[in-house]
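Below is one structure; the comments refer to it alone.
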Amino acid sequence: MAVKNELKALKYQGANWNQPDDEYTQFFYEQNLSQFWRPEDISMQSDLNVWNVLPNEVKLAYARNLLVLTFLDTYQGDIGMPVVSRAIDEEFHQRKAVLNFMAAMENAVHAKSYSNIFMTYMQTGEIDELFKWGENQKNLQNIMEKIVGAYKELDKENYIKKYDTKKYNAKRFNEVAWKAMAASVFLETWLFYSGFYYPLFFYGQGKLMQAGEIINLIIRDESIHGVYVGRLAQELYETFDNNKQEELSQWLHELLDSLYKEQSELVHEVYGEVDLAHDVNIFVRYNANKALMNLGFDPYFPQEEVNPVVLNGLNTETKTMDNFSMKGNGYQKMKSEALKDTDFIFERPKIK
Ligand SMILES: [Fe+2]
Ligand SMILES: [Fe+2]
């Protein structure tokens, strides 16, 4: 069981990798480590020829999207992944290790990579102005508040469980933990994708390829993050009785509606000038459905056709590889193979 919620007398134990925590965590461990990469592995210079001749409104939309991604990755690394890791019961050291590794990728690799793109394409004054835009963009701030708010609630519960044990309530703890995991999956598998759309749109047309390579490496990471946390969330959800499941399902769909409203407005502001808002919102709905499926729920939005150029950019198989100037997402520190959907079948029960 993932969450036993027993408050035992303190007894420290080591992580024993000889005894698997469960039937899937060591698989995710292998996959995460084999995908490891560094922002500096990808040289950005060759994008400049294309970047320099882009119209200003295109540059602005591109930069704002990467800024949105930066905000999400920053908090996913600073609090999102760590707080979920801390909520996992003490003896699941392998699960904690996998979550901690993911946490390290978010800010130190993903957010840093966006900054590397900014530093290549833009001047310091422009970068500062861009970050200020994000700090003052109402919809982005509201999205952050909803997601990070769920993490903060779990942060408080983690504290109570460990240090204020009289107030500890196992049922409340599990509920708050599940909500934080659900918020995490929404971020990983859904909210990132309005920002990914534009780099993929360019990449699918053979433009701004180095930035596109970075985005593909990040997408490869986020996709396993969303599946792993989704798997943990499903395991926890199965421990709730029917009434609680119903209540949490309603909470999840209300969160989805409120995030979708903010997302649509944000998409309108970022993509309105380049006339892509309608297309991006299709992609947003497509990925919202995928996030729900990672959590074990049915899709919410009707199926629609996503722009094939973006789907072409989204294909995470190796596209480019040049050992001197650029590294494709086929770049390997260790032996690594691209994931297939079938890799994620762990005989999990279907949840309605
Ligand atoms: Fe990330
Ligand atoms: Fe992630």
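Ordered as shown in the structure tokens, chains take letters A, B, and onward, while each chain numbers its residues from 1 and ligands are numbered from 1 in the order shown.
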Env of Val50 in chain A: 10 Å cut, atoms = only C-alpha atoms, seq-sep filter 6 positions within chain, self excluded. Answer as a PDB file with N, CA, C and O atoms, in the first residue's frame.
```pdb
ATOM      1  N   LYS A 207      11.429  25.134 -38.388  1.00  0.00           N
ATOM      2  CA  LYS A 207      11.981  26.435 -37.975  1.00  0.00           C
ATOM      3  C   LYS A 207      12.262  26.461 -36.474  1.00  0.00           C
ATOM      4  O   LYS A 207      11.531  25.837 -35.698  1.00  0.00           O
ATOM      5  N   LEU A 208      13.244  27.265 -36.063  1.00  0.00           N
ATOM      6  CA  LEU A 208      13.655  27.347 -34.651  1.00  0.00           C
ATOM      7  C   LEU A 208      13.837  25.926 -34.089  1.00  0.00           C
ATOM      8  O   LEU A 208      13.264  25.547 -33.071  1.00  0.00           O
ATOM      9  N   MET A 209      14.663  25.167 -34.803  1.00  0.00           N
ATOM     10  CA  MET A 209      14.806  23.739 -34.525  1.00  0.00           C
ATOM     11  C   MET A 209      15.483  23.442 -33.188  1.00  0.00           C
ATOM     12  O   MET A 209      15.186  22.445 -32.542  1.00  0.00           O
TER      13      MET A 209
END
```
| query | Which residues in range 94-229 of chain A does DSSP call alpha helix (DSSP H)? List them as number ranges by chain. | reply | A: 94-105, 112-121, 124-136, 138-163, 170-186, 192-203, 209-229
Would you tabulate, counting only C-alpha atoms, all residues of range 176-259 of chain A that have an atom at most 12 Å from an atom of range 58-62 of chain A, showing the closest pair of atoms and their distance in Å to one decimal, sorted by chain then ascending number, as JSON lines?
```
{"residue": "A:Ser194", "atom": "CA", "partner": "A:Tyr62", "partner_atom": "CA", "distance": 11.2}
{"residue": "A:Gly195", "atom": "CA", "partner": "A:Tyr62", "partner_atom": "CA", "distance": 8.4}
{"residue": "A:Phe196", "atom": "CA", "partner": "A:Tyr62", "partner_atom": "CA", "distance": 9.6}
{"residue": "A:Tyr197", "atom": "CA", "partner": "A:Tyr62", "partner_atom": "CA", "distance": 9.6}
{"residue": "A:Tyr198", "atom": "CA", "partner": "A:Tyr62", "partner_atom": "CA", "distance": 6.4}
{"residue": "A:Pro199", "atom": "CA", "partner": "A:Tyr62", "partner_atom": "CA", "distance": 7.2}
{"residue": "A:Leu200", "atom": "CA", "partner": "A:Tyr62", "partner_atom": "CA", "distance": 10.7}
{"residue": "A:Phe201", "atom": "CA", "partner": "A:Tyr62", "partner_atom": "CA", "distance": 10.4}
{"residue": "A:Phe202", "atom": "CA", "partner": "A:Tyr62", "partner_atom": "CA", "distance": 9.7}
{"residue": "A:Leu208", "atom": "CA", "partner": "A:Tyr62", "partner_atom": "CA", "distance": 10.6}
{"residue": "A:Ala211", "atom": "CA", "partner": "A:Tyr62", "partner_atom": "CA", "distance": 10.6}
{"residue": "A:Gly212", "atom": "CA", "partner": "A:Tyr62", "partner_atom": "CA", "distance": 11.5}
```
| message | Which residues are near ligand 1 - at most 6 Å, using only C-alpha atoms and all ligand atoms? Format: as a PyMOL selection string. | response | chain A and resi 73+106+110+222
| request: Using only C-alpha atoms and all ligand atoms, find each residue with an atom at most 10 Å away from ligand 2 and format the answer as number ranges by chain. | output: A: 72-74, 76-77, 80-81, 99, 102-107, 110, 184-185, 187-189, 192, 218-226, 229
| message | Given only C-alpha atoms as the basis, pick out the residue of A:Asn174, A:Gln19, A:Thr25, A:Gln123 nearest to Ala87 in chain A. | response |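 Looking only at the distances to Ala87 in chain A, the closest residue turns out to be A:Asn174.
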| If we count only C-alpha atoms, what is near range 150-163 of chain A at a cut-off of 12 Å, once residues fewer than 2 positions away on the same chain are taken out, given as a PyMOL selection string? | chain A and resi 5-10+75-90+143-148+165-187+251-252+255
Output file for the selection above: C-alpha atoms, as a PDB file, in the first residue's frame:
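New file again.pdb:
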```
ATOM      1  CA  ASN A   5      -0.886   6.674   7.444  1.00  0.00           C
ATOM      2  CA  GLU A   6       0.339   4.974  10.566  1.00  0.00           C
ATOM      3  CA  LEU A   7       2.205   7.234  12.883  1.00  0.00           C
ATOM      4  CA  LYS A   8       4.980   5.002  14.079  1.00  0.00           C
ATOM      5  CA  ALA A   9       7.716   5.648  16.547  1.00  0.00           C
ATOM      6  CA  LEU A  10      10.698   7.075  14.719  1.00  0.00           C
ATOM      7  CA  TYR A  75       6.925  25.922  -8.966  1.00  0.00           C
ATOM      8  CA  GLN A  76       6.726  22.304 -10.034  1.00  0.00           C
ATOM      9  CA  GLY A  77      10.391  22.022  -9.036  1.00  0.00           C
ATOM     10  CA  ASP A  78      10.292  24.270  -5.991  1.00  0.00           C
ATOM     11  CA  ILE A  79       7.179  22.856  -4.347  1.00  0.00           C
ATOM     12  CA  GLY A  80       5.018  20.583  -6.563  1.00  0.00           C
ATOM     13  CA  MET A  81       7.187  17.483  -6.820  1.00  0.00           C
ATOM     14  CA  PRO A  82       8.881  17.885  -3.399  1.00  0.00           C
ATOM     15  CA  VAL A  83       5.572  18.171  -1.550  1.00  0.00           C
ATOM     16  CA  VAL A  84       4.199  15.017  -3.196  1.00  0.00           C
ATOM     17  CA  SER A  85       7.438  13.208  -2.394  1.00  0.00           C
ATOM     18  CA  ARG A  86       7.188  14.250   1.249  1.00  0.00           C
ATOM     19  CA  ALA A  87       3.583  13.031   1.401  1.00  0.00           C
ATOM     20  CA  ILE A  88       4.591   9.502   0.380  1.00  0.00           C
ATOM     21  CA  ASP A  89       4.899   7.209   3.394  1.00  0.00           C
ATOM     22  CA  GLU A  90       8.331   7.011   4.968  1.00  0.00           C
ATOM     23  CA  ILE A 143      -3.516  29.424 -12.719  1.00  0.00           C
ATOM     24  CA  MET A 144      -0.435  29.397 -10.478  1.00  0.00           C
ATOM     25  CA  GLU A 145      -2.567  30.151  -7.441  1.00  0.00           C
ATOM     26  CA  LYS A 146      -4.940  27.251  -8.116  1.00  0.00           C
ATOM     27  CA  ILE A 147      -2.141  24.734  -8.675  1.00  0.00           C
ATOM     28  CA  VAL A 148       0.361  25.947  -6.100  1.00  0.00           C
ATOM     29  CA  THR A 165       0.261  14.761  15.384  1.00  0.00           C
ATOM     30  CA  LYS A 166      -2.747  15.565  17.585  1.00  0.00           C
ATOM     31  CA  LYS A 167      -4.305  17.443  14.675  1.00  0.00           C
ATOM     32  CA  TYR A 168      -3.474  14.700  12.184  1.00  0.00           C
ATOM     33  CA  ASN A 169      -6.409  13.100  10.388  1.00  0.00           C
ATOM     34  CA  ALA A 170      -5.542  10.320   7.938  1.00  0.00           C
ATOM     35  CA  LYS A 171      -8.662  10.766   5.806  1.00  0.00           C
ATOM     36  CA  ARG A 172      -8.131  14.480   5.384  1.00  0.00           C
ATOM     37  CA  PHE A 173      -4.452  13.904   4.674  1.00  0.00           C
ATOM     38  CA  ASN A 174      -5.155  11.432   1.870  1.00  0.00           C
ATOM     39  CA  GLU A 175      -7.754  13.689   0.329  1.00  0.00           C
ATOM     40  CA  VAL A 176      -5.424  16.671   0.290  1.00  0.00           C
ATOM     41  CA  ALA A 177      -2.592  14.477  -1.033  1.00  0.00           C
ATOM     42  CA  TRP A 178      -4.802  13.252  -3.882  1.00  0.00           C
ATOM     43  CA  LYS A 179      -5.836  16.800  -4.765  1.00  0.00           C
ATOM     44  CA  ALA A 180      -2.188  17.889  -4.932  1.00  0.00           C
ATOM     45  CA  MET A 181      -1.350  14.902  -7.151  1.00  0.00           C
ATOM     46  CA  ALA A 182      -4.312  15.723  -9.409  1.00  0.00           C
ATOM     47  CA  ALA A 183      -3.138  19.354  -9.656  1.00  0.00           C
ATOM     48  CA  SER A 184       0.334  18.049 -10.500  1.00  0.00           C
ATOM     49  CA  VAL A 185      -1.008  15.872 -13.331  1.00  0.00           C
ATOM     50  CA  PHE A 186      -3.048  18.799 -14.659  1.00  0.00           C
ATOM     51  CA  LEU A 187       0.117  20.873 -14.746  1.00  0.00           C
ATOM     52  CA  TRP A 251     -13.852  18.819  -7.209  1.00  0.00           C
ATOM     53  CA  LEU A 252     -11.599  17.748 -10.078  1.00  0.00           C
ATOM     54  CA  LEU A 255     -10.935  22.691 -10.994  1.00  0.00           C
TER      55      LEU A 255
END
```
| task | Go ahead and compute the interatomic distance for CA of Tyr29 in chain A and CA of His93 in chain A, in Å to one decimal. | result |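 Separation between CA of Tyr29 in chain A and CA of His93 in chain A: 11.8 Å.
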| task | Considering only C-alpha atoms, return as an NGL selection string whatever protein or nucleic-acid residues lie within 10 Å of Trp17 in chain A, sequence-local ones (same chain, fewer than 2 positions apart) excluded. | result | :A and (14-15 or 19-21 or 26 or 93-94)
| request: Write out as JSON, numbers by chain each polymer residue whose atoms come within 10 Å of Asn116 in chain A, counting only C-alpha atoms; drop sequence neighbours fewer than 2 positions from it. | output: {"A": [39, 40, 42, 43, 44, 110, 111, 112, 113, 114, 118, 119, 120, 121, 122, 211]}
Written file, previous selection with N, CA, C and O atoms, as an mmCIF file, in the first residue's frame:
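Wrote part-v6.cif, looks like this:
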```cif
data_model
loop_
_atom_site.group_PDB
_atom_site.id
_atom_site.type_symbol
_atom_site.label_atom_id
_atom_site.label_comp_id
_atom_site.auth_asym_id
_atom_site.auth_seq_id
_atom_site.Cartn_x
_atom_site.Cartn_y
_atom_site.Cartn_z
ATOM 1 N N PRO A 39 20.670 21.442 -19.969
ATOM 2 C CA PRO A 39 20.322 22.557 -20.875
ATOM 3 C C PRO A 39 21.455 22.903 -21.835
ATOM 4 O O PRO A 39 21.223 23.224 -22.993
ATOM 5 N N GLU A 40 22.680 22.818 -21.353
ATOM 6 C CA GLU A 40 23.829 23.223 -22.170
ATOM 7 C C GLU A 40 24.188 22.204 -23.244
ATOM 8 O O GLU A 40 25.086 22.435 -24.059
ATOM 9 N N ILE A 42 22.409 21.580 -25.666
ATOM 10 C CA ILE A 42 21.855 22.065 -26.927
ATOM 11 C C ILE A 42 22.292 23.497 -27.191
ATOM 12 O O ILE A 42 21.972 24.405 -26.431
ATOM 13 N N SER A 43 23.023 23.658 -28.271
ATOM 14 C CA SER A 43 23.485 24.995 -28.640
ATOM 15 C C SER A 43 22.363 25.717 -29.387
ATOM 16 O O SER A 43 21.726 25.147 -30.267
ATOM 17 N N MET A 44 22.137 26.957 -29.006
ATOM 18 C CA MET A 44 20.977 27.677 -29.557
ATOM 19 C C MET A 44 21.305 28.538 -30.778
ATOM 20 O O MET A 44 20.406 29.010 -31.465
ATOM 21 N N HIS A 110 14.594 22.196 -16.862
ATOM 22 C CA HIS A 110 13.572 22.733 -17.760
ATOM 23 C C HIS A 110 13.502 24.267 -17.697
ATOM 24 O O HIS A 110 13.623 24.934 -18.728
ATOM 25 N N ALA A 111 13.303 24.812 -16.501
ATOM 26 C CA ALA A 111 13.224 26.280 -16.394
ATOM 27 C C ALA A 111 14.529 26.919 -16.879
ATOM 28 O O ALA A 111 14.528 27.939 -17.573
ATOM 29 N N LYS A 112 15.641 26.282 -16.547
ATOM 30 C CA LYS A 112 16.942 26.820 -16.973
ATOM 31 C C LYS A 112 17.053 26.834 -18.514
ATOM 32 O O LYS A 112 17.630 27.755 -19.094
ATOM 33 N N SER A 113 16.493 25.818 -19.149
ATOM 34 C CA SER A 113 16.543 25.765 -20.619
ATOM 35 C C SER A 113 15.768 26.913 -21.252
ATOM 36 O O SER A 113 16.205 27.482 -22.257
ATOM 37 N N TYR A 114 14.607 27.249 -20.669
ATOM 38 C CA TYR A 114 13.858 28.389 -21.208
ATOM 39 C C TYR A 114 14.699 29.653 -21.074
ATOM 40 O O TYR A 114 14.742 30.486 -21.982
ATOM 41 N N PHE A 118 15.906 32.369 -23.862
ATOM 42 C CA PHE A 118 15.766 33.835 -23.727
ATOM 43 C C PHE A 118 17.123 34.523 -23.905
ATOM 44 O O PHE A 118 17.240 35.523 -24.587
ATOM 45 N N MET A 119 18.147 33.970 -23.257
ATOM 46 C CA MET A 119 19.470 34.613 -23.287
ATOM 47 C C MET A 119 20.060 34.620 -24.688
ATOM 48 O O MET A 119 20.857 35.486 -25.037
ATOM 49 N N THR A 120 19.672 33.628 -25.503
ATOM 50 C CA THR A 120 20.167 33.588 -26.886
ATOM 51 C C THR A 120 19.395 34.554 -27.778
ATOM 52 O O THR A 120 19.973 35.259 -28.599
ATOM 53 N N TYR A 121 18.086 34.588 -27.590
ATOM 54 C CA TYR A 121 17.239 35.355 -28.510
ATOM 55 C C TYR A 121 17.103 36.835 -28.131
ATOM 56 O O TYR A 121 16.788 37.656 -28.977
ATOM 57 N N MET A 122 17.249 37.127 -26.832
ATOM 58 C CA MET A 122 16.830 38.461 -26.360
ATOM 59 C C MET A 122 17.903 39.169 -25.535
ATOM 60 O O MET A 122 18.831 38.546 -25.028
ATOM 61 N N ALA A 211 15.462 25.311 -30.370
ATOM 62 C CA ALA A 211 14.476 25.513 -29.302
ATOM 63 C C ALA A 211 13.457 24.375 -29.340
ATOM 64 O O ALA A 211 13.041 23.863 -28.291
#
```
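Pairwise distance (CA of Leu66 in chain A, CA of Leu295 in chain A) equals 26.0 Å.
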